$ cat work28.pdb   # PDB, N, CA and C atoms, pLDDT in the B column
ATOM      1  N   MET N 338      44.131  32.225 -21.364  1.00 44.00           N
ATOM      2  CA  MET N 338      42.834  32.013 -21.934  1.00 44.00           C
ATOM      3  C   MET N 338      42.853  32.444 -23.391  1.00 44.00           C
ATOM      4  N   THR N 339      42.303  31.600 -24.254  1.00 47.00           N
ATOM      5  CA  THR N 339      42.280  31.886 -25.677  1.00 47.00           C
ATOM      6  C   THR N 339      40.965  32.536 -26.053  1.00 47.00           C
ATOM      7  N   ALA N 340      41.015  33.628 -26.778  1.00 57.00           N
ATOM      8  CA  ALA N 340      39.806  34.321 -27.197  1.00 57.00           C
ATOM      9  C   ALA N 340      39.279  33.717 -28.477  1.00 57.00           C
ATOM     10  N   GLY N 341      38.036  34.054 -28.777  1.00 76.00           N
ATOM     11  CA  GLY N 341      37.484  33.703 -30.065  1.00 76.00           C
ATOM     12  C   GLY N 341      36.682  32.427 -30.128  1.00 76.00           C
ATOM     13  N   ALA N 342      36.192  31.896 -29.010  1.00 90.00           N
ATOM     14  CA  ALA N 342      35.312  30.736 -29.069  1.00 90.00           C
ATOM     15  C   ALA N 342      33.963  31.180 -29.616  1.00 90.00           C
ATOM     16  N   ASP N 343      33.301  30.267 -30.327  1.00 92.00           N
ATOM     17  CA  ASP N 343      31.993  30.564 -30.900  1.00 92.00           C
ATOM     18  C   ASP N 343      30.877  30.416 -29.876  1.00 92.00           C
ATOM     19  N   ILE N 344      31.044  29.472 -28.970  1.00 94.00           N
ATOM     20  CA  ILE N 344      29.997  29.141 -28.008  1.00 94.00           C
ATOM     21  C   ILE N 344      30.660  28.600 -26.745  1.00 94.00           C
ATOM     22  N   ALA N 345      29.976  28.728 -25.619  1.00 94.00           N
ATOM     23  CA  ALA N 345      30.486  28.177 -24.362  1.00 94.00           C
ATOM     24  C   ALA N 345      29.496  27.157 -23.835  1.00 94.00           C
ATOM     25  N   VAL N 346      30.024  26.065 -23.311  1.00 94.00           N
ATOM     26  CA  VAL N 346      29.203  25.063 -22.634  1.00 94.00           C
ATOM     27  C   VAL N 346      29.654  25.036 -21.185  1.00 94.00           C
ATOM     28  N   ILE N 347      28.714  25.315 -20.298  1.00 93.00           N
ATOM     29  CA  ILE N 347      28.991  25.311 -18.862  1.00 93.00           C
ATOM     30  C   ILE N 347      28.252  24.123 -18.264  1.00 93.00           C
ATOM     31  N   GLY N 348      28.988  23.249 -17.636  1.00 94.00           N
ATOM     32  CA  GLY N 348      28.418  22.033 -17.077  1.00 94.00           C
ATOM     33  C   GLY N 348      28.813  20.858 -17.948  1.00 94.00           C
ATOM     34  N   LEU N 349      29.785  20.087 -17.494  1.00 95.00           N
ATOM     35  CA  LEU N 349      30.357  19.024 -18.313  1.00 95.00           C
ATOM     36  C   LEU N 349      30.035  17.636 -17.785  1.00 95.00           C
ATOM     37  N   GLY N 350      28.776  17.458 -17.405  1.00 94.00           N
ATOM     38  CA  GLY N 350      28.314  16.107 -17.085  1.00 94.00           C
ATOM     39  C   GLY N 350      28.226  15.336 -18.394  1.00 94.00           C
ATOM     40  N   VAL N 351      27.559  14.226 -18.388  1.00 95.00           N
ATOM     41  CA  VAL N 351      27.464  13.396 -19.594  1.00 95.00           C
ATOM     42  C   VAL N 351      26.887  14.190 -20.765  1.00 95.00           C
ATOM     43  N   MET N 352      25.803  14.895 -20.545  1.00 96.00           N
ATOM     44  CA  MET N 352      25.149  15.629 -21.628  1.00 96.00           C
ATOM     45  C   MET N 352      25.983  16.813 -22.109  1.00 96.00           C
ATOM     46  N   GLY N 353      26.508  17.619 -21.196  1.00 96.00           N
ATOM     47  CA  GLY N 353      27.299  18.784 -21.571  1.00 96.00           C
ATOM     48  C   GLY N 353      28.589  18.413 -22.296  1.00 96.00           C
ATOM     49  N   ARG N 354      29.262  17.390 -21.813  1.00 95.00           N
ATOM     50  CA  ARG N 354      30.514  16.935 -22.426  1.00 95.00           C
ATOM     51  C   ARG N 354      30.275  16.470 -23.865  1.00 95.00           C
ATOM     52  N   ASN N 355      29.237  15.667 -24.060  1.00 96.00           N
ATOM     53  CA  ASN N 355      28.951  15.155 -25.400  1.00 96.00           C
ATOM     54  C   ASN N 355      28.456  16.252 -26.334  1.00 96.00           C
ATOM     55  N   LEU N 356      27.699  17.198 -25.826  1.00 96.00           N
ATOM     56  CA  LEU N 356      27.251  18.322 -26.641  1.00 96.00           C
ATOM     57  C   LEU N 356      28.442  19.164 -27.088  1.00 96.00           C
ATOM     58  N   ALA N 357      29.381  19.422 -26.177  1.00 96.00           N
ATOM     59  CA  ALA N 357      30.575  20.193 -26.524  1.00 96.00           C
ATOM     60  C   ALA N 357      31.398  19.475 -27.595  1.00 96.00           C
ATOM     61  N   ARG N 358      31.570  18.180 -27.451  1.00 96.00           N
ATOM     62  CA  ARG N 358      32.324  17.403 -28.445  1.00 96.00           C
ATOM     63  C   ARG N 358      31.609  17.410 -29.796  1.00 96.00           C
ATOM     64  N   ASN N 359      30.292  17.304 -29.777  1.00 97.00           N
ATOM     65  CA  ASN N 359      29.511  17.314 -31.008  1.00 97.00           C
ATOM     66  C   ASN N 359      29.669  18.646 -31.736  1.00 97.00           C
ATOM     67  N   LEU N 360      29.549  19.755 -31.018  1.00 96.00           N
ATOM     68  CA  LEU N 360      29.720  21.082 -31.622  1.00 96.00           C
ATOM     69  C   LEU N 360      31.127  21.237 -32.195  1.00 96.00           C
ATOM     70  N   ALA N 361      32.131  20.785 -31.448  1.00 95.00           N
ATOM     71  CA  ALA N 361      33.520  20.892 -31.916  1.00 95.00           C
ATOM     72  C   ALA N 361      33.755  20.048 -33.163  1.00 95.00           C
ATOM     73  N   SER N 362      33.125  18.894 -33.236  1.00 96.00           N
ATOM     74  CA  SER N 362      33.315  18.026 -34.400  1.00 96.00           C
ATOM     75  C   SER N 362      32.708  18.623 -35.666  1.00 96.00           C
ATOM     76  N   ARG N 363      31.845  19.618 -35.493  1.00 96.00           N
ATOM     77  CA  ARG N 363      31.223  20.294 -36.628  1.00 96.00           C
ATOM     78  C   ARG N 363      31.870  21.655 -36.924  1.00 96.00           C
ATOM     79  N   GLY N 364      33.077  21.831 -36.404  1.00 94.00           N
ATOM     80  CA  GLY N 364      33.849  23.014 -36.747  1.00 94.00           C
ATOM     81  C   GLY N 364      33.678  24.218 -35.840  1.00 94.00           C
ATOM     82  N   ARG N 365      32.932  24.100 -34.782  1.00 93.00           N
ATOM     83  CA  ARG N 365      32.778  25.206 -33.824  1.00 93.00           C
ATOM     84  C   ARG N 365      33.926  25.174 -32.826  1.00 93.00           C
ATOM     85  N   ARG N 366      34.321  26.346 -32.374  1.00 93.00           N
ATOM     86  CA  ARG N 366      35.325  26.455 -31.309  1.00 93.00           C
ATOM     87  C   ARG N 366      34.540  26.632 -30.021  1.00 93.00           C
ATOM     88  N   VAL N 367      34.645  25.666 -29.109  1.00 94.00           N
ATOM     89  CA  VAL N 367      33.782  25.590 -27.930  1.00 94.00           C
ATOM     90  C   VAL N 367      34.582  25.814 -26.650  1.00 94.00           C
ATOM     91  N   ALA N 368      34.193  26.828 -25.885  1.00 92.00           N
ATOM     92  CA  ALA N 368      34.771  27.046 -24.559  1.00 92.00           C
ATOM     93  C   ALA N 368      34.027  26.148 -23.586  1.00 92.00           C
ATOM     94  N   VAL N 369      34.749  25.442 -22.734  1.00 93.00           N
ATOM     95  CA  VAL N 369      34.124  24.536 -21.774  1.00 93.00           C
ATOM     96  C   VAL N 369      34.500  24.929 -20.352  1.00 93.00           C
ATOM     97  N   PHE N 370      33.514  24.836 -19.453  1.00 93.00           N
ATOM     98  CA  PHE N 370      33.731  25.159 -18.047  1.00 93.00           C
ATOM     99  C   PHE N 370      32.854  24.251 -17.193  1.00 93.00           C
ATOM    100  N   ASP N 371      33.379  23.877 -16.031  1.00 93.00           N
ATOM    101  CA  ASP N 371      32.610  23.125 -15.046  1.00 93.00           C
ATOM    102  C   ASP N 371      33.096  23.554 -13.672  1.00 93.00           C
ATOM    103  N   ARG N 372      32.226  23.478 -12.702  1.00 92.00           N
ATOM    104  CA  ARG N 372      32.634  23.865 -11.343  1.00 92.00           C
ATOM    105  C   ARG N 372      33.629  22.880 -10.747  1.00 92.00           C
ATOM    106  N   VAL N 373      33.729  21.696 -11.344  1.00 93.00           N
ATOM    107  CA  VAL N 373      34.711  20.688 -10.936  1.00 93.00           C
ATOM    108  C   VAL N 373      35.879  20.739 -11.928  1.00 93.00           C
ATOM    109  N   PRO N 374      37.032  21.249 -11.503  1.00 91.00           N
ATOM    110  CA  PRO N 374      38.168  21.409 -12.419  1.00 91.00           C
ATOM    111  C   PRO N 374      38.587  20.131 -13.144  1.00 91.00           C
ATOM    112  N   GLU N 375      38.416  18.977 -12.524  1.00 92.00           N
ATOM    113  CA  GLU N 375      38.806  17.716 -13.158  1.00 92.00           C
ATOM    114  C   GLU N 375      38.006  17.460 -14.437  1.00 92.00           C
ATOM    115  N   ALA N 376      36.757  17.864 -14.471  1.00 92.00           N
ATOM    116  CA  ALA N 376      35.922  17.678 -15.676  1.00 92.00           C
ATOM    117  C   ALA N 376      36.492  18.472 -16.846  1.00 92.00           C
ATOM    118  N   VAL N 377      36.994  19.672 -16.572  1.00 91.00           N
ATOM    119  CA  VAL N 377      37.606  20.495 -17.624  1.00 91.00           C
ATOM    120  C   VAL N 377      38.935  19.880 -18.050  1.00 91.00           C
ATOM    121  N   ARG N 378      39.733  19.418 -17.096  1.00 91.00           N
ATOM    122  CA  ARG N 378      41.028  18.808 -17.415  1.00 91.00           C
ATOM    123  C   ARG N 378      40.880  17.580 -18.308  1.00 91.00           C
ATOM    124  N   GLN N 379      39.816  16.822 -18.138  1.00 91.00           N
ATOM    125  CA  GLN N 379      39.603  15.623 -18.951  1.00 91.00           C
ATOM    126  C   GLN N 379      39.417  15.965 -20.432  1.00 91.00           C
ATOM    127  N   LEU N 380      38.914  17.162 -20.717  1.00 89.00           N
ATOM    128  CA  LEU N 380      38.675  17.562 -22.106  1.00 89.00           C
ATOM    129  C   LEU N 380      39.815  18.371 -22.703  1.00 89.00           C
ATOM    130  N   THR N 381      40.785  18.752 -21.885  1.00 84.00           N
ATOM    131  CA  THR N 381      41.914  19.542 -22.372  1.00 84.00           C
ATOM    132  C   THR N 381      42.663  18.772 -23.449  1.00 84.00           C
ATOM    133  N   GLY N 382      42.907  19.444 -24.551  1.00 88.00           N
ATOM    134  CA  GLY N 382      43.656  18.832 -25.640  1.00 88.00           C
ATOM    135  C   GLY N 382      42.782  18.287 -26.758  1.00 88.00           C
ATOM    136  N   GLU N 383      41.482  18.188 -26.534  1.00 91.00           N
ATOM    137  CA  GLU N 383      40.607  17.719 -27.610  1.00 91.00           C
ATOM    138  C   GLU N 383      40.413  18.848 -28.615  1.00 91.00           C
ATOM    139  N   ALA N 384      40.440  18.519 -29.877  1.00 92.00           N
ATOM    140  CA  ALA N 384      40.339  19.512 -30.954  1.00 92.00           C
ATOM    141  C   ALA N 384      39.056  20.317 -30.842  1.00 92.00           C
ATOM    142  N   GLY N 385      39.199  21.633 -30.914  1.00 91.00           N
ATOM    143  CA  GLY N 385      38.048  22.523 -30.915  1.00 91.00           C
ATOM    144  C   GLY N 385      37.527  22.903 -29.553  1.00 91.00           C
ATOM    145  N   LEU N 386      38.062  22.304 -28.492  1.00 93.00           N
ATOM    146  CA  LEU N 386      37.602  22.610 -27.137  1.00 93.00           C
ATOM    147  C   LEU N 386      38.626  23.476 -26.420  1.00 93.00           C
ATOM    148  N   VAL N 387      38.149  24.567 -25.843  1.00 90.00           N
ATOM    149  CA  VAL N 387      39.013  25.520 -25.149  1.00 90.00           C
ATOM    150  C   VAL N 387      38.647  25.513 -23.669  1.00 90.00           C
ATOM    151  N   PRO N 388      39.538  25.031 -22.795  1.00 90.00           N
ATOM    152  CA  PRO N 388      39.218  25.016 -21.364  1.00 90.00           C
ATOM    153  C   PRO N 388      39.175  26.431 -20.794  1.00 90.00           C
ATOM    154  N   ALA N 389      38.271  26.638 -19.844  1.00 84.00           N
ATOM    155  CA  ALA N 389      38.129  27.938 -19.200  1.00 84.00           C
ATOM    156  C   ALA N 389      38.317  27.793 -17.702  1.00 84.00           C
ATOM    157  N   ALA N 390      39.061  28.708 -17.109  1.00 82.00           N
ATOM    158  CA  ALA N 390      39.299  28.687 -15.669  1.00 82.00           C
ATOM    159  C   ALA N 390      38.160  29.348 -14.899  1.00 82.00           C
ATOM    160  N   ASP N 391      37.491  30.319 -15.522  1.00 85.00           N
ATOM    161  CA  ASP N 391      36.371  30.991 -14.868  1.00 85.00           C
ATOM    162  C   ASP N 391      35.316  31.379 -15.906  1.00 85.00           C
ATOM    163  N   VAL N 392      34.097  31.488 -15.456  1.00 84.00           N
ATOM    164  CA  VAL N 392      32.985  31.776 -16.358  1.00 84.00           C
ATOM    165  C   VAL N 392      33.046  33.202 -16.893  1.00 84.00           C
ATOM    166  N   ALA N 393      33.276  34.167 -16.030  1.00 86.00           N
ATOM    167  CA  ALA N 393      33.239  35.575 -16.448  1.00 86.00           C
ATOM    168  C   ALA N 393      34.243  35.876 -17.556  1.00 86.00           C
ATOM    169  N   GLY N 394      35.459  35.400 -17.396  1.00 78.00           N
ATOM    170  CA  GLY N 394      36.482  35.640 -18.408  1.00 78.00           C
ATOM    171  C   GLY N 394      36.153  34.964 -19.719  1.00 78.00           C
ATOM    172  N   ARG N 395      35.618  33.762 -19.647  1.00 80.00           N
ATOM    173  CA  ARG N 395      35.279  33.030 -20.866  1.00 80.00           C
ATOM    174  C   ARG N 395      34.120  33.683 -21.601  1.00 80.00           C
ATOM    175  N   VAL N 396      33.084  34.086 -20.911  1.00 84.00           N
ATOM    176  CA  VAL N 396      31.940  34.728 -21.561  1.00 84.00           C
ATOM    177  C   VAL N 396      32.375  36.023 -22.233  1.00 84.00           C
ATOM    178  N   ALA N 397      33.239  36.781 -21.578  1.00 82.00           N
ATOM    179  CA  ALA N 397      33.721  38.042 -22.154  1.00 82.00           C
ATOM    180  C   ALA N 397      34.513  37.814 -23.440  1.00 82.00           C
ATOM    181  N   SER N 398      35.116  36.637 -23.589  1.00 79.00           N
ATOM    182  CA  SER N 398      35.939  36.385 -24.766  1.00 79.00           C
ATOM    183  C   SER N 398      35.176  35.748 -25.931  1.00 79.00           C
ATOM    184  N   LEU N 399      33.911  35.430 -25.735  1.00 90.00           N
ATOM    185  CA  LEU N 399      33.125  34.816 -26.806  1.00 90.00           C
ATOM    186  C   LEU N 399      32.889  35.791 -27.949  1.00 90.00           C
ATOM    187  N   ALA N 400      32.864  35.257 -29.152  1.00 87.00           N
ATOM    188  CA  ALA N 400      32.532  36.067 -30.325  1.00 87.00           C
ATOM    189  C   ALA N 400      31.076  36.526 -30.193  1.00 87.00           C
ATOM    190  N   ARG N 401      30.796  37.722 -30.669  1.00 89.00           N
ATOM    191  CA  ARG N 401      29.431  38.256 -30.596  1.00 89.00           C
ATOM    192  C   ARG N 401      28.643  37.900 -31.837  1.00 89.00           C
ATOM    193  N   PRO N 402      27.361  37.643 -31.742  1.00 90.00           N
ATOM    194  CA  PRO N 402      26.574  37.585 -30.506  1.00 90.00           C
ATOM    195  C   PRO N 402      26.970  36.365 -29.681  1.00 90.00           C
ATOM    196  N   ARG N 403      26.996  36.539 -28.383  1.00 91.00           N
ATOM    197  CA  ARG N 403      27.469  35.490 -27.475  1.00 91.00           C
ATOM    198  C   ARG N 403      26.437  34.374 -27.340  1.00 91.00           C
ATOM    199  N   ALA N 404      26.909  33.159 -27.434  1.00 92.00           N
ATOM    200  CA  ALA N 404      26.052  31.979 -27.256  1.00 92.00           C
ATOM    201  C   ALA N 404      26.586  31.166 -26.086  1.00 92.00           C
ATOM    202  N   LEU N 405      25.717  30.820 -25.176  1.00 92.00           N
ATOM    203  CA  LEU N 405      26.114  30.138 -23.955  1.00 92.00           C
ATOM    204  C   LEU N 405      25.083  29.064 -23.636  1.00 92.00           C
ATOM    205  N   LEU N 406      25.547  27.848 -23.398  1.00 92.00           N
ATOM    206  CA  LEU N 406      24.676  26.746 -22.995  1.00 92.00           C
ATOM    207  C   LEU N 406      25.028  26.362 -21.566  1.00 92.00           C
ATOM    208  N   MET N 407      24.041  26.380 -20.694  1.00 93.00           N
ATOM    209  CA  MET N 407      24.247  25.940 -19.304  1.00 93.00           C
ATOM    210  C   MET N 407      23.533  24.622 -19.122  1.00 93.00           C
ATOM    211  N   MET N 408      24.292  23.624 -18.709  1.00 88.00           N
ATOM    212  CA  MET N 408      23.699  22.302 -18.498  1.00 88.00           C
ATOM    213  C   MET N 408      23.524  22.074 -17.011  1.00 88.00           C
TER     214      MET N 408
END
$ encode --input "work28.pdb" --output "structure tokens"
Amino acid sequence: MTAGADIAVIGLGVMGRNLARNLASRGRRVAVFDRVPEAVRQLTGEAGLVPAADVAGRVASLARPRALLMM
């Protein structure tokens, strides 16, 4: 797990996925998580997006103040 994401997006349906990509395209480092592992795998490798295996570990690694979006 890579530390130092600016914000986390939990829930990678249509809205969450596009919001994460939008934030990343504007220079933010975005941690992404979904309860369905395949949704996270689909975004792996996109610039600025950091896949997360679990919510607790990802939230702990966010830069402070922590920002979290739940979709």
$ closest_residue --input "work28.pdb" --among "N:Gly348, N:Ala400, N:Asp343, N:Met407" --to "Leu386 (chain N)" --atoms "only C-alpha atoms"
N:Asp343
$ resolve_selection --input "work28.pdb" --expression "the PyMOL selection byres ((chain N and resi 345) around 5)" --output "PyMOL selection string"
chain N and resi 343-344+346-347+368+404-406
$ atom_distance --input "work28.pdb" --atom1 "atom C of Phe370 (chain N)" --atom2 "atom C of Val387 (chain N)"
8.8 Å
$ residues_around --input "work28.pdb" --residues "Arg354 (chain N)" --least-positions-apart "2" --cutoff "10 Å" --atoms "only C-alpha atoms" --output "PDB file with N, CA and C atoms, keeping the file's coordinate frame"
ATOM      1  N   VAL N 346      30.024  26.065 -23.311  1.00 94.00           N
ATOM      2  CA  VAL N 346      29.203  25.063 -22.634  1.00 94.00           C
ATOM      3  C   VAL N 346      29.654  25.036 -21.185  1.00 94.00           C
ATOM      4  N   ILE N 347      28.714  25.315 -20.298  1.00 93.00           N
ATOM      5  CA  ILE N 347      28.991  25.311 -18.862  1.00 93.00           C
ATOM      6  C   ILE N 347      28.252  24.123 -18.264  1.00 93.00           C
ATOM      7  N   GLY N 348      28.988  23.249 -17.636  1.00 94.00           N
ATOM      8  CA  GLY N 348      28.418  22.033 -17.077  1.00 94.00           C
ATOM      9  C   GLY N 348      28.813  20.858 -17.948  1.00 94.00           C
ATOM     10  N   LEU N 349      29.785  20.087 -17.494  1.00 95.00           N
ATOM     11  CA  LEU N 349      30.357  19.024 -18.313  1.00 95.00           C
ATOM     12  C   LEU N 349      30.035  17.636 -17.785  1.00 95.00           C
ATOM     13  N   GLY N 350      28.776  17.458 -17.405  1.00 94.00           N
ATOM     14  CA  GLY N 350      28.314  16.107 -17.085  1.00 94.00           C
ATOM     15  C   GLY N 350      28.226  15.336 -18.394  1.00 94.00           C
ATOM     16  N   VAL N 351      27.559  14.226 -18.388  1.00 95.00           N
ATOM     17  CA  VAL N 351      27.464  13.396 -19.594  1.00 95.00           C
ATOM     18  C   VAL N 351      26.887  14.190 -20.765  1.00 95.00           C
ATOM     19  N   MET N 352      25.803  14.895 -20.545  1.00 96.00           N
ATOM     20  CA  MET N 352      25.149  15.629 -21.628  1.00 96.00           C
ATOM     21  C   MET N 352      25.983  16.813 -22.109  1.00 96.00           C
ATOM     22  N   LEU N 356      27.699  17.198 -25.826  1.00 96.00           N
ATOM     23  CA  LEU N 356      27.251  18.322 -26.641  1.00 96.00           C
ATOM     24  C   LEU N 356      28.442  19.164 -27.088  1.00 96.00           C
ATOM     25  N   ALA N 357      29.381  19.422 -26.177  1.00 96.00           N
ATOM     26  CA  ALA N 357      30.575  20.193 -26.524  1.00 96.00           C
ATOM     27  C   ALA N 357      31.398  19.475 -27.595  1.00 96.00           C
ATOM     28  N   ARG N 358      31.570  18.180 -27.451  1.00 96.00           N
ATOM     29  CA  ARG N 358      32.324  17.403 -28.445  1.00 96.00           C
ATOM     30  C   ARG N 358      31.609  17.410 -29.796  1.00 96.00           C
ATOM     31  N   ASN N 359      30.292  17.304 -29.777  1.00 97.00           N
ATOM     32  CA  ASN N 359      29.511  17.314 -31.008  1.00 97.00           C
ATOM     33  C   ASN N 359      29.669  18.646 -31.736  1.00 97.00           C
ATOM     34  N   VAL N 369      34.749  25.442 -22.734  1.00 93.00           N
ATOM     35  CA  VAL N 369      34.124  24.536 -21.774  1.00 93.00           C
ATOM     36  C   VAL N 369      34.500  24.929 -20.352  1.00 93.00           C
ATOM     37  N   PHE N 370      33.514  24.836 -19.453  1.00 93.00           N
ATOM     38  CA  PHE N 370      33.731  25.159 -18.047  1.00 93.00           C
ATOM     39  C   PHE N 370      32.854  24.251 -17.193  1.00 93.00           C
ATOM     40  N   ASP N 371      33.379  23.877 -16.031  1.00 93.00           N
ATOM     41  CA  ASP N 371      32.610  23.125 -15.046  1.00 93.00           C
ATOM     42  C   ASP N 371      33.096  23.554 -13.672  1.00 93.00           C
ATOM     43  N   ALA N 376      36.757  17.864 -14.471  1.00 92.00           N
ATOM     44  CA  ALA N 376      35.922  17.678 -15.676  1.00 92.00           C
ATOM     45  C   ALA N 376      36.492  18.472 -16.846  1.00 92.00           C
ATOM     46  N   VAL N 377      36.994  19.672 -16.572  1.00 91.00           N
ATOM     47  CA  VAL N 377      37.606  20.495 -17.624  1.00 91.00           C
ATOM     48  C   VAL N 377      38.935  19.880 -18.050  1.00 91.00           C
ATOM     49  N   GLN N 379      39.816  16.822 -18.138  1.00 91.00           N
ATOM     50  CA  GLN N 379      39.603  15.623 -18.951  1.00 91.00           C
ATOM     51  C   GLN N 379      39.417  15.965 -20.432  1.00 91.00           C
ATOM     52  N   LEU N 380      38.914  17.162 -20.717  1.00 89.00           N
ATOM     53  CA  LEU N 380      38.675  17.562 -22.106  1.00 89.00           C
ATOM     54  C   LEU N 380      39.815  18.371 -22.703  1.00 89.00           C
ATOM     55  N   MET N 408      24.292  23.624 -18.709  1.00 88.00           N
ATOM     56  CA  MET N 408      23.699  22.302 -18.498  1.00 88.00           C
ATOM     57  C   MET N 408      23.524  22.074 -17.011  1.00 88.00           C
TER      58      MET N 408
END
$ atom_distance --input "work28.pdb" --atom1 "atom N of Val392 (chain N)" --atom2 "atom N of Val373 (chain N)"
10.6 Å
$ atom_distance --input "work28.pdb" --atom1 "CA of Leu399 (chain N)" --atom2 "CA of Arg365 (chain N)"
11.9 Å
$ select_by_dssp --input "work28.pdb" --residues "region 340-387 of chain N" --states "helix (DSSP H, G or I)" --output "PyMOL selection string"
chain N and resi 351-362+374-380
$ select_by_dssp --input "work28.pdb" --residues "chain N" --states "strand (DSSP E)" --output "list of chain:residue names"
N:Ile344, N:Ala345, N:Val346, N:Ile347, N:Val367, N:Ala368, N:Val369, N:Phe370, N:Leu386, N:Val387, N:Pro388, N:Leu405, N:Leu406, N:Met407
$ resolve_selection --input "work28.pdb" --expression "the PyMOL selection byres (((chain N and resi 394 and name CA) around 12) and name CA)" --output "ChimeraX atom specification"
/N:338-342,345,368-370,388-393,395-399
$ write_last_selection --input "work28.pdb" --atoms "N, CA and C atoms" --output "mmCIF file, in the coordinates of the input"
data_model
loop_
_atom_site.group_PDB
_atom_site.id
_atom_site.type_symbol
_atom_site.label_atom_id
_atom_site.label_comp_id
_atom_site.auth_asym_id
_atom_site.auth_seq_id
_atom_site.Cartn_x
_atom_site.Cartn_y
_atom_site.Cartn_z
ATOM 1 N N MET N 338 44.131 32.225 -21.364
ATOM 2 C CA MET N 338 42.834 32.013 -21.934
ATOM 3 C C MET N 338 42.853 32.444 -23.391
ATOM 4 N N THR N 339 42.303 31.600 -24.254
ATOM 5 C CA THR N 339 42.280 31.886 -25.677
ATOM 6 C C THR N 339 40.965 32.536 -26.053
ATOM 7 N N ALA N 340 41.015 33.628 -26.778
ATOM 8 C CA ALA N 340 39.806 34.321 -27.197
ATOM 9 C C ALA N 340 39.279 33.717 -28.477
ATOM 10 N N GLY N 341 38.036 34.054 -28.777
ATOM 11 C CA GLY N 341 37.484 33.703 -30.065
ATOM 12 C C GLY N 341 36.682 32.427 -30.128
ATOM 13 N N ALA N 342 36.192 31.896 -29.010
ATOM 14 C CA ALA N 342 35.312 30.736 -29.069
ATOM 15 C C ALA N 342 33.963 31.180 -29.616
ATOM 16 N N ALA N 345 29.976 28.728 -25.619
ATOM 17 C CA ALA N 345 30.486 28.177 -24.362
ATOM 18 C C ALA N 345 29.496 27.157 -23.835
ATOM 19 N N ALA N 368 34.193 26.828 -25.885
ATOM 20 C CA ALA N 368 34.771 27.046 -24.559
ATOM 21 C C ALA N 368 34.027 26.148 -23.586
ATOM 22 N N VAL N 369 34.749 25.442 -22.734
ATOM 23 C CA VAL N 369 34.124 24.536 -21.774
ATOM 24 C C VAL N 369 34.500 24.929 -20.352
ATOM 25 N N PHE N 370 33.514 24.836 -19.453
ATOM 26 C CA PHE N 370 33.731 25.159 -18.047
ATOM 27 C C PHE N 370 32.854 24.251 -17.193
ATOM 28 N N PRO N 388 39.538 25.031 -22.795
ATOM 29 C CA PRO N 388 39.218 25.016 -21.364
ATOM 30 C C PRO N 388 39.175 26.431 -20.794
ATOM 31 N N ALA N 389 38.271 26.638 -19.844
ATOM 32 C CA ALA N 389 38.129 27.938 -19.200
ATOM 33 C C ALA N 389 38.317 27.793 -17.702
ATOM 34 N N ALA N 390 39.061 28.708 -17.109
ATOM 35 C CA ALA N 390 39.299 28.687 -15.669
ATOM 36 C C ALA N 390 38.160 29.348 -14.899
ATOM 37 N N ASP N 391 37.491 30.319 -15.522
ATOM 38 C CA ASP N 391 36.371 30.991 -14.868
ATOM 39 C C ASP N 391 35.316 31.379 -15.906
ATOM 40 N N VAL N 392 34.097 31.488 -15.456
ATOM 41 C CA VAL N 392 32.985 31.776 -16.358
ATOM 42 C C VAL N 392 33.046 33.202 -16.893
ATOM 43 N N ALA N 393 33.276 34.167 -16.030
ATOM 44 C CA ALA N 393 33.239 35.575 -16.448
ATOM 45 C C ALA N 393 34.243 35.876 -17.556
ATOM 46 N N ARG N 395 35.618 33.762 -19.647
ATOM 47 C CA ARG N 395 35.279 33.030 -20.866
ATOM 48 C C ARG N 395 34.120 33.683 -21.601
ATOM 49 N N VAL N 396 33.084 34.086 -20.911
ATOM 50 C CA VAL N 396 31.940 34.728 -21.561
ATOM 51 C C VAL N 396 32.375 36.023 -22.233
ATOM 52 N N ALA N 397 33.239 36.781 -21.578
ATOM 53 C CA ALA N 397 33.721 38.042 -22.154
ATOM 54 C C ALA N 397 34.513 37.814 -23.440
ATOM 55 N N SER N 398 35.116 36.637 -23.589
ATOM 56 C CA SER N 398 35.939 36.385 -24.766
ATOM 57 C C SER N 398 35.176 35.748 -25.931
ATOM 58 N N LEU N 399 33.911 35.430 -25.735
ATOM 59 C CA LEU N 399 33.125 34.816 -26.806
ATOM 60 C C LEU N 399 32.889 35.791 -27.949
#
$ axis_aligned_box --input "work28.pdb" --around "region 344-352 of chain N" --padding-each-side "4 Å" --output "AutoDock Vina command-line options"
--center_x 28.1 --center_y 21.4 --center_z -23.0 --size_x 13.9 --size_y 24.1 --size_z 19.9
$ build_atoms --input "work28.pdb" --residues "region 379-384 of chain N" --atoms "N, CA, C and O atoms" --output "CSV table (one decimal), in the coordinates of the input"
chain,number,residue,atom,x,y,z
N,379,GLN,N,39.8,16.8,-18.1
N,379,GLN,CA,39.6,15.6,-19.0
N,379,GLN,C,39.4,16.0,-20.4
N,379,GLN,O,39.7,15.2,-21.3
N,380,LEU,N,38.9,17.2,-20.7
N,380,LEU,CA,38.7,17.6,-22.1
N,380,LEU,C,39.8,18.4,-22.7
N,380,LEU,O,39.8,18.6,-23.9
N,381,THR,N,40.8,18.8,-21.9
N,381,THR,CA,41.9,19.5,-22.4
N,381,THR,C,42.7,18.8,-23.4
N,381,THR,O,43.0,17.6,-23.3
N,382,GLY,N,42.9,19.4,-24.6
N,382,GLY,CA,43.7,18.8,-25.6
N,382,GLY,C,42.8,18.3,-26.8
N,382,GLY,O,43.3,18.0,-27.8
N,383,GLU,N,41.5,18.2,-26.5
N,383,GLU,CA,40.6,17.7,-27.6
N,383,GLU,C,40.4,18.8,-28.6
N,383,GLU,O,40.2,20.0,-28.2
N,384,ALA,N,40.4,18.5,-29.9
N,384,ALA,CA,40.3,19.5,-31.0
N,384,ALA,C,39.1,20.3,-30.8
N,384,ALA,O,38.0,19.8,-30.7
